[in-house]
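Below: start-v3.cif (mmCIF, C-alpha atoms)
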```
data_structure
loop_
_atom_site.group_PDB
_atom_site.id
_atom_site.type_symbol
_atom_site.label_atom_id
_atom_site.label_comp_id
_atom_site.auth_asym_id
_atom_site.auth_seq_id
_atom_site.Cartn_x
_atom_site.Cartn_y
_atom_site.Cartn_z
ATOM 1 C CA MET A 3 -54.877 -35.943 40.130
ATOM 2 C CA LEU A 4 -53.487 -39.400 40.905
ATOM 3 C CA GLY A 5 -55.150 -41.477 43.590
ATOM 4 C CA THR A 6 -53.279 -42.302 46.792
ATOM 5 C CA TRP A 7 -51.254 -45.497 47.114
ATOM 6 C CA SER A 8 -52.878 -48.377 49.003
ATOM 7 C CA LEU A 9 -52.049 -52.034 49.492
ATOM 8 C CA ALA A 10 -52.745 -54.023 46.333
ATOM 9 C CA GLU A 11 -54.762 -57.219 46.174
ATOM 10 C CA VAL A 12 -52.321 -59.973 45.189
ATOM 11 C CA GLU A 13 -53.583 -63.390 44.112
ATOM 12 C CA GLY A 14 -50.186 -64.936 43.449
ATOM 13 C CA ALA A 15 -46.473 -64.235 43.520
ATOM 14 C CA LYS A 16 -43.190 -65.727 42.377
ATOM 15 C CA ALA A 17 -39.593 -64.722 43.085
ATOM 16 C CA TYR A 18 -36.471 -65.449 41.032
ATOM 17 C CA TRP A 19 -32.827 -65.174 42.100
ATOM 18 C CA PHE A 20 -29.968 -64.094 39.830
ATOM 19 C CA ASP A 21 -26.652 -62.229 40.293
ATOM 20 C CA PHE A 22 -27.318 -60.652 43.748
ATOM 21 C CA HIS A 23 -30.864 -59.682 42.691
ATOM 22 C CA VAL A 24 -34.372 -60.958 43.289
ATOM 23 C CA SER A 25 -37.068 -60.427 40.662
ATOM 24 C CA LEU A 26 -40.602 -60.394 42.086
ATOM 25 C CA LEU A 27 -43.602 -61.175 39.927
ATOM 26 C CA ILE A 28 -47.115 -60.551 41.266
ATOM 27 C CA TRP A 29 -50.518 -60.968 39.660
ATOM 28 C CA GLY A 30 -54.161 -60.457 40.482
ATOM 29 C CA HIS A 31 -57.174 -58.373 39.503
ATOM 30 C CA ALA A 32 -57.590 -54.610 39.840
ATOM 31 C CA PRO A 33 -61.010 -52.972 40.393
ATOM 32 C CA ASN A 34 -60.734 -51.356 36.935
ATOM 33 C CA PRO A 35 -58.144 -50.955 34.132
ATOM 34 C CA GLY A 36 -56.969 -47.573 35.469
ATOM 35 C CA TYR A 37 -54.731 -48.949 38.218
ATOM 36 C CA THR A 38 -50.926 -48.686 38.347
ATOM 37 C CA VAL A 39 -49.194 -51.408 40.369
ATOM 38 C CA GLU A 40 -45.824 -51.052 42.117
ATOM 39 C CA ILE A 41 -43.628 -53.043 44.506
ATOM 40 C CA GLN A 42 -41.596 -51.221 47.181
ATOM 41 C CA GLN A 43 -38.667 -52.748 49.066
ATOM 42 C CA SER A 44 -38.847 -52.362 52.838
ATOM 43 C CA LEU A 45 -36.294 -49.994 54.360
ATOM 44 C CA LEU A 46 -36.115 -52.179 57.479
ATOM 45 C CA ASP A 47 -33.071 -54.437 57.706
ATOM 46 C CA VAL A 48 -34.939 -57.652 58.577
ATOM 47 C CA GLU A 49 -34.743 -61.244 57.435
ATOM 48 C CA PRO A 50 -36.135 -62.354 55.130
ATOM 49 C CA PRO A 51 -36.235 -59.122 53.073
ATOM 50 C CA GLY A 52 -39.678 -57.519 52.904
ATOM 51 C CA PHE A 53 -41.562 -55.963 50.008
ATOM 52 C CA THR A 54 -44.913 -54.175 49.716
ATOM 53 C CA ALA A 55 -47.329 -54.487 46.772
ATOM 54 C CA GLN A 56 -49.305 -51.297 46.262
ATOM 55 C CA TRP A 57 -51.514 -49.669 43.674
ATOM 56 C CA ARG A 58 -53.290 -46.433 42.879
ATOM 57 C CA GLN A 59 -55.802 -45.319 40.274
ATOM 58 C CA ARG A 60 -54.637 -43.049 37.461
ATOM 59 C CA PRO A 61 -56.678 -39.960 36.567
ATOM 60 C CA GLY A 62 -59.597 -40.387 34.202
ATOM 61 C CA ILE A 63 -62.914 -42.133 33.923
ATOM 62 C CA TRP A 64 -62.494 -45.899 33.882
ATOM 63 C CA PRO A 65 -65.014 -48.610 33.047
ATOM 64 C CA GLN A 66 -66.086 -50.432 36.170
ATOM 65 C CA VAL A 67 -64.843 -53.842 35.067
ATOM 66 C CA ILE A 68 -62.396 -56.073 36.903
ATOM 67 C CA ALA A 69 -59.016 -56.023 35.080
ATOM 68 C CA PRO A 70 -56.315 -58.706 35.398
ATOM 69 C CA TYR A 71 -52.770 -57.461 35.982
ATOM 70 C CA THR A 72 -49.225 -58.792 36.228
ATOM 71 C CA HIS A 73 -46.324 -56.733 37.499
ATOM 72 C CA GLN A 74 -42.635 -57.541 37.869
ATOM 73 C CA GLN A 75 -39.788 -55.599 39.488
ATOM 74 C CA THR A 76 -36.157 -56.423 40.259
ATOM 75 C CA PHE A 77 -34.268 -55.502 43.449
ATOM 76 C CA LYS A 78 -30.653 -55.868 44.578
ATOM 77 C CA ILE A 79 -30.618 -57.810 47.856
ATOM 78 C CA GLY A 80 -27.041 -59.102 48.061
ATOM 79 C CA SER A 81 -26.758 -62.713 49.156
ATOM 80 C CA ARG A 82 -29.094 -65.538 48.153
ATOM 81 C CA ARG A 83 -32.280 -65.890 50.266
ATOM 82 C CA GLU A 84 -34.626 -68.870 50.444
ATOM 83 C CA THR A 85 -37.736 -66.679 50.854
ATOM 84 C CA VAL A 86 -38.888 -63.071 50.812
ATOM 85 C CA LEU A 87 -41.947 -61.504 52.484
ATOM 86 C CA LEU A 88 -44.598 -59.740 50.429
ATOM 87 C CA HIS A 89 -47.058 -57.442 52.212
ATOM 88 C CA HIS A 90 -50.380 -56.816 50.430
ATOM 89 C CA SER A 91 -54.033 -56.118 51.232
ATOM 90 C CA GLY A 92 -54.605 -59.741 52.275
ATOM 91 C CA GLY A 93 -51.768 -59.709 54.803
ATOM 92 C CA GLU A 94 -48.316 -61.192 54.462
ATOM 93 C CA ARG A 95 -47.189 -63.834 51.970
ATOM 94 C CA ARG A 96 -43.922 -65.768 52.216
ATOM 95 C CA VAL A 97 -42.607 -66.290 48.664
ATOM 96 C CA GLU A 98 -40.018 -68.977 47.917
ATOM 97 C CA VAL A 99 -37.134 -67.754 45.782
ATOM 98 C CA GLU A 100 -36.417 -69.880 42.705
ATOM 99 C CA ASP A 101 -32.926 -70.280 41.211
ATOM 100 C CA ARG A 102 -33.614 -69.252 37.650
ATOM 101 C CA ALA A 103 -34.375 -66.256 35.517
ATOM 102 C CA PRO A 104 -38.044 -66.042 34.515
ATOM 103 C CA ASP A 105 -39.273 -67.338 31.180
ATOM 104 C CA VAL A 106 -41.339 -64.323 30.127
ATOM 105 C CA GLU A 107 -43.997 -66.272 28.206
ATOM 106 C CA ALA A 108 -44.526 -68.820 30.981
ATOM 107 C CA VAL A 109 -44.486 -66.173 33.709
ATOM 108 C CA ALA A 110 -46.995 -63.929 31.940
ATOM 109 C CA ALA A 111 -49.514 -66.766 31.758
ATOM 110 C CA VAL A 112 -49.295 -67.619 35.476
ATOM 111 C CA GLY A 113 -52.463 -66.810 37.351
ATOM 112 C CA VAL A 114 -54.321 -65.039 34.555
ATOM 113 C CA GLY A 115 -55.434 -67.954 32.372
ATOM 114 C CA GLU A 116 -55.715 -67.057 28.709
ATOM 115 C CA GLU A 117 -56.367 -63.362 29.344
ATOM 116 C CA LYS A 118 -53.664 -60.856 28.411
ATOM 117 C CA PRO A 119 -52.990 -58.556 31.360
ATOM 118 C CA LEU A 120 -53.795 -54.873 30.862
ATOM 119 C CA ILE A 121 -50.915 -53.718 33.067
ATOM 120 C CA SER A 122 -47.722 -55.422 31.926
ATOM 121 C CA HIS A 123 -44.184 -54.546 30.951
ATOM 122 C CA ASN A 124 -43.582 -57.941 29.305
ATOM 123 C CA PHE A 125 -45.738 -57.625 26.169
ATOM 124 C CA HIS A 126 -45.389 -55.273 23.231
ATOM 125 C CA PRO A 127 -48.533 -53.088 23.129
ATOM 126 C CA LEU A 128 -48.855 -53.156 19.317
ATOM 127 C CA SER A 129 -48.155 -56.818 18.536
ATOM 128 C CA GLY A 130 -49.151 -58.326 21.892
ATOM 129 C CA GLU A 131 -46.094 -60.595 21.644
ATOM 130 C CA ALA A 132 -44.096 -61.584 24.731
ATOM 131 C CA LEU A 133 -40.767 -59.773 24.977
ATOM 132 C CA PRO A 134 -37.411 -61.392 25.775
ATOM 133 C CA ALA A 135 -36.053 -60.930 29.326
ATOM 134 C CA THR A 136 -33.714 -58.150 28.077
ATOM 135 C CA GLU A 137 -36.603 -55.993 26.791
ATOM 136 C CA ALA A 138 -39.501 -54.206 28.463
ATOM 137 C CA VAL A 139 -42.179 -51.609 27.742
ATOM 138 C CA GLY A 140 -42.643 -48.567 29.946
ATOM 139 C CA TYR A 141 -45.596 -46.184 30.096
ATOM 140 C CA SER A 142 -46.191 -42.527 30.903
ATOM 141 C CA ASP A 143 -49.637 -41.009 31.382
ATOM 142 C CA ALA A 144 -47.908 -37.600 31.298
ATOM 143 C CA TRP A 145 -46.468 -38.365 27.832
ATOM 144 C CA ASP A 146 -42.949 -38.014 29.276
ATOM 145 C CA VAL A 147 -40.303 -40.056 27.395
ATOM 146 C CA ARG A 148 -37.943 -40.107 30.398
ATOM 147 C CA GLU A 149 -40.691 -41.367 32.716
ATOM 148 C CA ALA A 150 -41.659 -44.114 30.247
ATOM 149 C CA MET A 151 -38.030 -45.209 29.760
ATOM 150 C CA LEU A 152 -37.416 -45.374 33.516
ATOM 151 C CA ASP A 153 -40.655 -47.349 33.920
ATOM 152 C CA ALA A 154 -39.283 -49.954 31.482
ATOM 153 C CA ILE A 155 -35.725 -49.943 32.843
ATOM 154 C CA ARG A 156 -36.819 -50.622 36.440
ATOM 155 C CA VAL A 157 -38.203 -54.064 35.473
ATOM 156 C CA LEU A 158 -35.119 -55.107 33.468
ATOM 157 C CA PRO A 159 -32.296 -57.093 35.076
ATOM 158 C CA PRO A 160 -29.560 -54.646 36.120
ATOM 159 C CA GLN A 161 -26.508 -54.457 33.864
ATOM 160 C CA ASN A 162 -24.191 -53.565 36.757
ATOM 161 C CA PRO A 163 -21.487 -56.259 37.050
ATOM 162 C CA ASN A 164 -20.577 -54.990 40.572
ATOM 163 C CA VAL A 165 -18.208 -52.366 39.176
ATOM 164 C CA ALA A 166 -18.343 -49.022 40.990
ATOM 165 C CA ASP A 167 -18.339 -46.809 37.894
ATOM 166 C CA TRP A 168 -20.304 -49.071 35.527
ATOM 167 C CA LEU A 169 -22.255 -47.180 32.858
ATOM 168 C CA SER A 170 -25.442 -48.960 31.784
ATOM 169 C CA HIS A 171 -26.670 -48.619 28.195
ATOM 170 C CA TYR A 172 -30.253 -48.913 26.931
ATOM 171 C CA GLU A 173 -31.749 -48.352 23.508
ATOM 172 C CA VAL A 174 -35.249 -47.457 22.395
ATOM 173 C CA VAL A 175 -36.624 -50.109 20.031
ATOM 174 C CA THR A 176 -40.006 -48.492 19.343
ATOM 175 C CA MET A 177 -42.094 -45.702 20.753
ATOM 176 C CA GLY A 178 -45.781 -44.993 20.361
ATOM 177 C CA ALA A 179 -49.035 -44.176 22.098
ATOM 178 C CA GLU A 180 -52.220 -45.835 23.289
ATOM 179 C CA ILE A 181 -55.305 -43.624 22.990
ATOM 180 C CA GLY A 182 -58.940 -44.525 23.569
ATOM 181 C CA GLY A 183 -60.515 -47.946 23.804
ATOM 182 C CA ILE A 184 -62.878 -49.098 26.519
ATOM 183 C CA ALA A 185 -60.137 -48.444 29.082
ATOM 184 C CA GLY A 186 -59.783 -44.833 27.903
ATOM 185 C CA PHE A 187 -56.005 -44.987 27.542
ATOM 186 C CA ASP A 188 -54.104 -41.767 26.897
ATOM 187 C CA ARG A 189 -50.441 -42.646 27.365
ATOM 188 C CA LEU A 190 -47.033 -42.847 25.736
ATOM 189 C CA PHE A 191 -45.156 -46.157 25.602
ATOM 190 C CA VAL A 192 -41.456 -46.828 25.041
ATOM 191 C CA HIS A 193 -40.067 -50.282 24.163
ATOM 192 C CA VAL A 194 -36.547 -50.499 25.638
ATOM 193 C CA ARG A 195 -33.744 -53.049 25.084
ATOM 194 C CA SER A 196 -30.977 -53.629 27.623
#
```

Go ahead and express the file in the form of structure tokens.
Amino acid sequence: MLGTWSLAEVEGAKAYWFDFHVSLLIWGHAPNPGYTVEIQQSLLDVEPPGFTAQWRQRPGIWPQVIAPYTHQQTFKIGSRRETVLLHHSGGERRVEVEDRAPDVEAVAAVGVGEEKPLISHNFHPLSGEALPATEAVGYSDAWDVREAMLDAIRVLPPQNPNVADWLSHYEVVTMGAEIGGIAGFDRLFVHVRS
């Protein structure tokens, strides 16, 4: 059984603006490697737009070691904003919005030193190499291909060019599994290209 969602501990955050969207990147340390991190957009129509960083522990027995994480999600917000609000366990953080798409390699290194994050959509799990901005890796603890693909797609920049009936296309580059290790992984991964 999955743990319940609670506010995540966030040590740093960045926001990037492009094509009516804001991409939020957060990083920090989870109590153990079994945590899933997520960002939710506030349903309240307030300015600046608000977001909530949350996490929950996946099922299983996890080593009690602090695990660095990075997590990035993209949201459609309409017009350009100077800042967004991020709610997390430490309170509220005002994040300035930068006018550029993220450089995946530079972004992944922010806040975590030389360590490779255990929870990331921006690195290929087999090679450990940084992925281009048009590719991401998604995971499913239930070994569900659809769930893993949607996990990857939600962090990719949207393809929608503001056309009402636009059909987005994605392709699977590789697919595999992570089993065992000190973290006790037992999950499917799907590498998706936009």

I'd like the contact shell of Gly62 of chain A - 8 Å cut-off, only C-alpha atoms, skipping same-chain residues fewer than 2 positions apart - returned as number ranges by chain. A: 36, 60, 64, 186

Atom-to-atom span, atom CA of Phe20 of chain A and atom CA of Tyr141 of chain A, Å: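 Computing it gives 25.7 Å between the two atoms.
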
Enumerate, as number ranges by chain, the protein, DNA and RNA residues whose atoms approach (-38.9, -53.4, 23.4) to within 7 Å, taking into account only C-alpha atoms and the coordinate frame of the file. A: 126, 133, 137-139, 175-176, 193-195

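Look at Glu98 of chain A: the protein and nucleic acid residues within 8 Å of it, using only C-alpha atoms and passing over chain neighbours fewer than 4 places away, are Lys16, Ala17, Glu84, Thr85 and Val86 of chain A.
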
Selection under test: the PyMOL selection byres ((chain A and resi 65) around 10); residues as a PyMOL selection string: chain A and resi 33-36+62-64+66-69+184-186

Pairwise distance for atom CA of Leu88 of chain A and atom CA of Tyr71 of chain A, rounded to one decimal in Å: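 Between atom CA of Leu88 of chain A and atom CA of Tyr71 of chain A the gap is 16.8 Å.
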
Work out how far atom CA of Ala10 of chain A is from atom CA of Val97 of chain A, in Å to one decimal. 16.1 Å

Within 12 Å of file point (-33.6, -56.1, 52.8), counting all atoms listed in the file, expressed as a list of chain:residue names: A:Phe22, A:His23, A:Val24, A:Gln42, A:Gln43, A:Ser44, A:Leu45, A:Leu46, A:Asp47, A:Val48, A:Glu49, A:Pro50, A:Pro51, A:Gly52, A:Phe53, A:Thr54, A:Phe77, A:Lys78, A:Ile79, A:Gly80, A:Ser81, A:Arg82, A:Arg83, A:Thr85, A:Val86, A:Leu87, A:Leu88

Starting from the structure just given, write a file holding segment 145-156 of chain A with all heavy atoms, as a PDB file, in the first residue's frame.
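Produced file out.pdb, reproduced below:
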```
ATOM      1  N   TRP A 145       4.551  -2.007 -12.741  1.00  0.00           N
ATOM      2  CA  TRP A 145       4.996  -2.605 -14.003  1.00  0.00           C
ATOM      3  C   TRP A 145       3.959  -2.361 -15.104  1.00  0.00           C
ATOM      4  O   TRP A 145       3.703  -3.203 -15.945  1.00  0.00           O
ATOM      5  CB  TRP A 145       5.289  -4.099 -13.840  1.00  0.00           C
ATOM      6  CG  TRP A 145       6.523  -4.343 -13.034  1.00  0.00           C
ATOM      7  CD1 TRP A 145       6.681  -4.160 -11.698  1.00  0.00           C
ATOM      8  CD2 TRP A 145       7.786  -4.786 -13.520  1.00  0.00           C
ATOM      9  NE1 TRP A 145       7.960  -4.461 -11.315  1.00  0.00           N
ATOM     10  CE2 TRP A 145       8.661  -4.865 -12.419  1.00  0.00           C
ATOM     11  CE3 TRP A 145       8.260  -5.145 -14.773  1.00  0.00           C
ATOM     12  CZ2 TRP A 145       9.980  -5.268 -12.527  1.00  0.00           C
ATOM     13  CZ3 TRP A 145       9.572  -5.550 -14.894  1.00  0.00           C
ATOM     14  CH2 TRP A 145      10.413  -5.603 -13.763  1.00  0.00           C
ATOM     15  N   ASP A 146       3.374  -1.171 -15.116  1.00  0.00           N
ATOM     16  CA  ASP A 146       2.351  -0.780 -16.071  1.00  0.00           C
ATOM     17  C   ASP A 146       2.984   0.147 -17.106  1.00  0.00           C
ATOM     18  O   ASP A 146       3.441   1.245 -16.772  1.00  0.00           O
ATOM     19  CB  ASP A 146       1.215  -0.065 -15.319  1.00  0.00           C
ATOM     20  CG  ASP A 146       0.061   0.332 -16.208  1.00  0.00           C
ATOM     21  OD1 ASP A 146       0.289   0.717 -17.370  1.00  0.00           O
ATOM     22  OD2 ASP A 146      -1.078   0.275 -15.727  1.00  0.00           O
ATOM     23  N   VAL A 147       3.011  -0.276 -18.377  1.00  0.00           N
ATOM     24  CA  VAL A 147       3.652   0.510 -19.440  1.00  0.00           C
ATOM     25  C   VAL A 147       2.968   1.865 -19.598  1.00  0.00           C
ATOM     26  O   VAL A 147       3.623   2.895 -19.739  1.00  0.00           O
ATOM     27  CB  VAL A 147       3.645  -0.266 -20.781  1.00  0.00           C
ATOM     28  CG1 VAL A 147       4.181   0.602 -21.911  1.00  0.00           C
ATOM     29  CG2 VAL A 147       4.469  -1.535 -20.663  1.00  0.00           C
ATOM     30  N   ARG A 148       1.640   1.882 -19.560  1.00  0.00           N
ATOM     31  CA  ARG A 148       0.902   3.147 -19.701  1.00  0.00           C
ATOM     32  C   ARG A 148       1.283   4.125 -18.589  1.00  0.00           C
ATOM     33  O   ARG A 148       1.535   5.294 -18.833  1.00  0.00           O
ATOM     34  CB  ARG A 148      -0.601   2.882 -19.690  1.00  0.00           C
ATOM     35  CG  ARG A 148      -1.446   4.131 -19.841  1.00  0.00           C
ATOM     36  CD  ARG A 148      -2.951   3.778 -19.832  1.00  0.00           C
ATOM     37  NE  ARG A 148      -3.745   4.943 -20.129  1.00  0.00           N
ATOM     38  CZ  ARG A 148      -4.118   5.839 -19.225  1.00  0.00           C
ATOM     39  NH1 ARG A 148      -3.767   5.701 -17.962  1.00  0.00           N
ATOM     40  NH2 ARG A 148      -4.856   6.875 -19.578  1.00  0.00           N
ATOM     41  N   GLU A 149       1.311   3.637 -17.350  1.00  0.00           N
ATOM     42  CA  GLU A 149       1.654   4.481 -16.212  1.00  0.00           C
ATOM     43  C   GLU A 149       3.074   5.048 -16.362  1.00  0.00           C
ATOM     44  O   GLU A 149       3.305   6.236 -16.122  1.00  0.00           O
ATOM     45  CB  GLU A 149       1.547   3.674 -14.916  1.00  0.00           C
ATOM     46  CG  GLU A 149       1.893   4.462 -13.662  1.00  0.00           C
ATOM     47  CD  GLU A 149       1.833   3.615 -12.405  1.00  0.00           C
ATOM     48  OE1 GLU A 149       2.329   2.458 -12.427  1.00  0.00           O
ATOM     49  OE2 GLU A 149       1.283   4.104 -11.412  1.00  0.00           O
ATOM     50  N   ALA A 150       4.010   4.221 -16.799  1.00  0.00           N
ATOM     51  CA  ALA A 150       5.390   4.675 -16.978  1.00  0.00           C
ATOM     52  C   ALA A 150       5.499   5.706 -18.102  1.00  0.00           C
ATOM     53  O   ALA A 150       6.216   6.701 -17.981  1.00  0.00           O
ATOM     54  CB  ALA A 150       6.305   3.479 -17.255  1.00  0.00           C
ATOM     55  N   MET A 151       4.776   5.475 -19.212  1.00  0.00           N
ATOM     56  CA  MET A 151       4.800   6.445 -20.314  1.00  0.00           C
ATOM     57  C   MET A 151       4.217   7.777 -19.883  1.00  0.00           C
ATOM     58  O   MET A 151       4.773   8.841 -20.165  1.00  0.00           O
ATOM     59  CB  MET A 151       4.054   5.909 -21.531  1.00  0.00           C
ATOM     60  CG  MET A 151       4.832   4.866 -22.307  1.00  0.00           C
ATOM     61  SD  MET A 151       4.061   4.463 -23.877  1.00  0.00           S
ATOM     62  CE  MET A 151       4.401   5.958 -24.802  1.00  0.00           C
ATOM     63  N   LEU A 152       3.090   7.754 -19.184  1.00  0.00           N
ATOM     64  CA  LEU A 152       2.473   9.005 -18.719  1.00  0.00           C
ATOM     65  C   LEU A 152       3.369   9.721 -17.715  1.00  0.00           C
ATOM     66  O   LEU A 152       3.424  10.955 -17.684  1.00  0.00           O
ATOM     67  CB  LEU A 152       1.094   8.731 -18.123  1.00  0.00           C
ATOM     68  CG  LEU A 152       0.025   8.322 -19.127  1.00  0.00           C
ATOM     69  CD1 LEU A 152      -1.268   7.931 -18.408  1.00  0.00           C
ATOM     70  CD2 LEU A 152      -0.230   9.431 -20.131  1.00  0.00           C
ATOM     71  N   ASP A 153       4.097   8.966 -16.893  1.00  0.00           N
ATOM     72  CA  ASP A 153       5.037   9.552 -15.948  1.00  0.00           C
ATOM     73  C   ASP A 153       6.124  10.321 -16.685  1.00  0.00           C
ATOM     74  O   ASP A 153       6.531  11.404 -16.264  1.00  0.00           O
ATOM     75  CB  ASP A 153       5.636   8.443 -15.072  1.00  0.00           C
ATOM     76  CG  ASP A 153       6.519   8.988 -13.958  1.00  0.00           C
ATOM     77  OD1 ASP A 153       6.126   9.987 -13.317  1.00  0.00           O
ATOM     78  OD2 ASP A 153       7.599   8.415 -13.727  1.00  0.00           O
ATOM     79  N   ALA A 154       6.600   9.789 -17.812  1.00  0.00           N
ATOM     80  CA  ALA A 154       7.613  10.476 -18.616  1.00  0.00           C
ATOM     81  C   ALA A 154       7.015  11.659 -19.370  1.00  0.00           C
ATOM     82  O   ALA A 154       7.597  12.750 -19.396  1.00  0.00           O
ATOM     83  CB  ALA A 154       8.258   9.498 -19.606  1.00  0.00           C
ATOM     84  N   ILE A 155       5.851  11.472 -19.960  1.00  0.00           N
ATOM     85  CA  ILE A 155       5.234  12.513 -20.784  1.00  0.00           C
ATOM     86  C   ILE A 155       4.903  13.754 -19.964  1.00  0.00           C
ATOM     87  O   ILE A 155       5.051  14.880 -20.450  1.00  0.00           O
ATOM     88  CB  ILE A 155       3.979  11.954 -21.496  1.00  0.00           C
ATOM     89  CG1 ILE A 155       4.404  10.965 -22.586  1.00  0.00           C
ATOM     90  CG2 ILE A 155       3.132  13.066 -22.089  1.00  0.00           C
ATOM     91  CD1 ILE A 155       3.260  10.140 -23.165  1.00  0.00           C
ATOM     92  N   ARG A 156       4.515  13.595 -18.694  1.00  0.00           N
ATOM     93  CA  ARG A 156       4.112  14.758 -17.903  1.00  0.00           C
ATOM     94  C   ARG A 156       5.262  15.716 -17.610  1.00  0.00           C
ATOM     95  O   ARG A 156       5.025  16.879 -17.279  1.00  0.00           O
ATOM     96  CB  ARG A 156       3.436  14.322 -16.605  1.00  0.00           C
ATOM     97  CG  ARG A 156       4.342  13.757 -15.565  1.00  0.00           C
ATOM     98  CD  ARG A 156       3.571  13.355 -14.304  1.00  0.00           C
ATOM     99  NE  ARG A 156       4.357  12.534 -13.447  1.00  0.00           N
ATOM    100  CZ  ARG A 156       5.297  12.971 -12.629  1.00  0.00           C
ATOM    101  NH1 ARG A 156       5.538  14.257 -12.556  1.00  0.00           N
ATOM    102  NH2 ARG A 156       5.990  12.150 -11.883  1.00  0.00           N
TER     103      ARG A 156
END
```
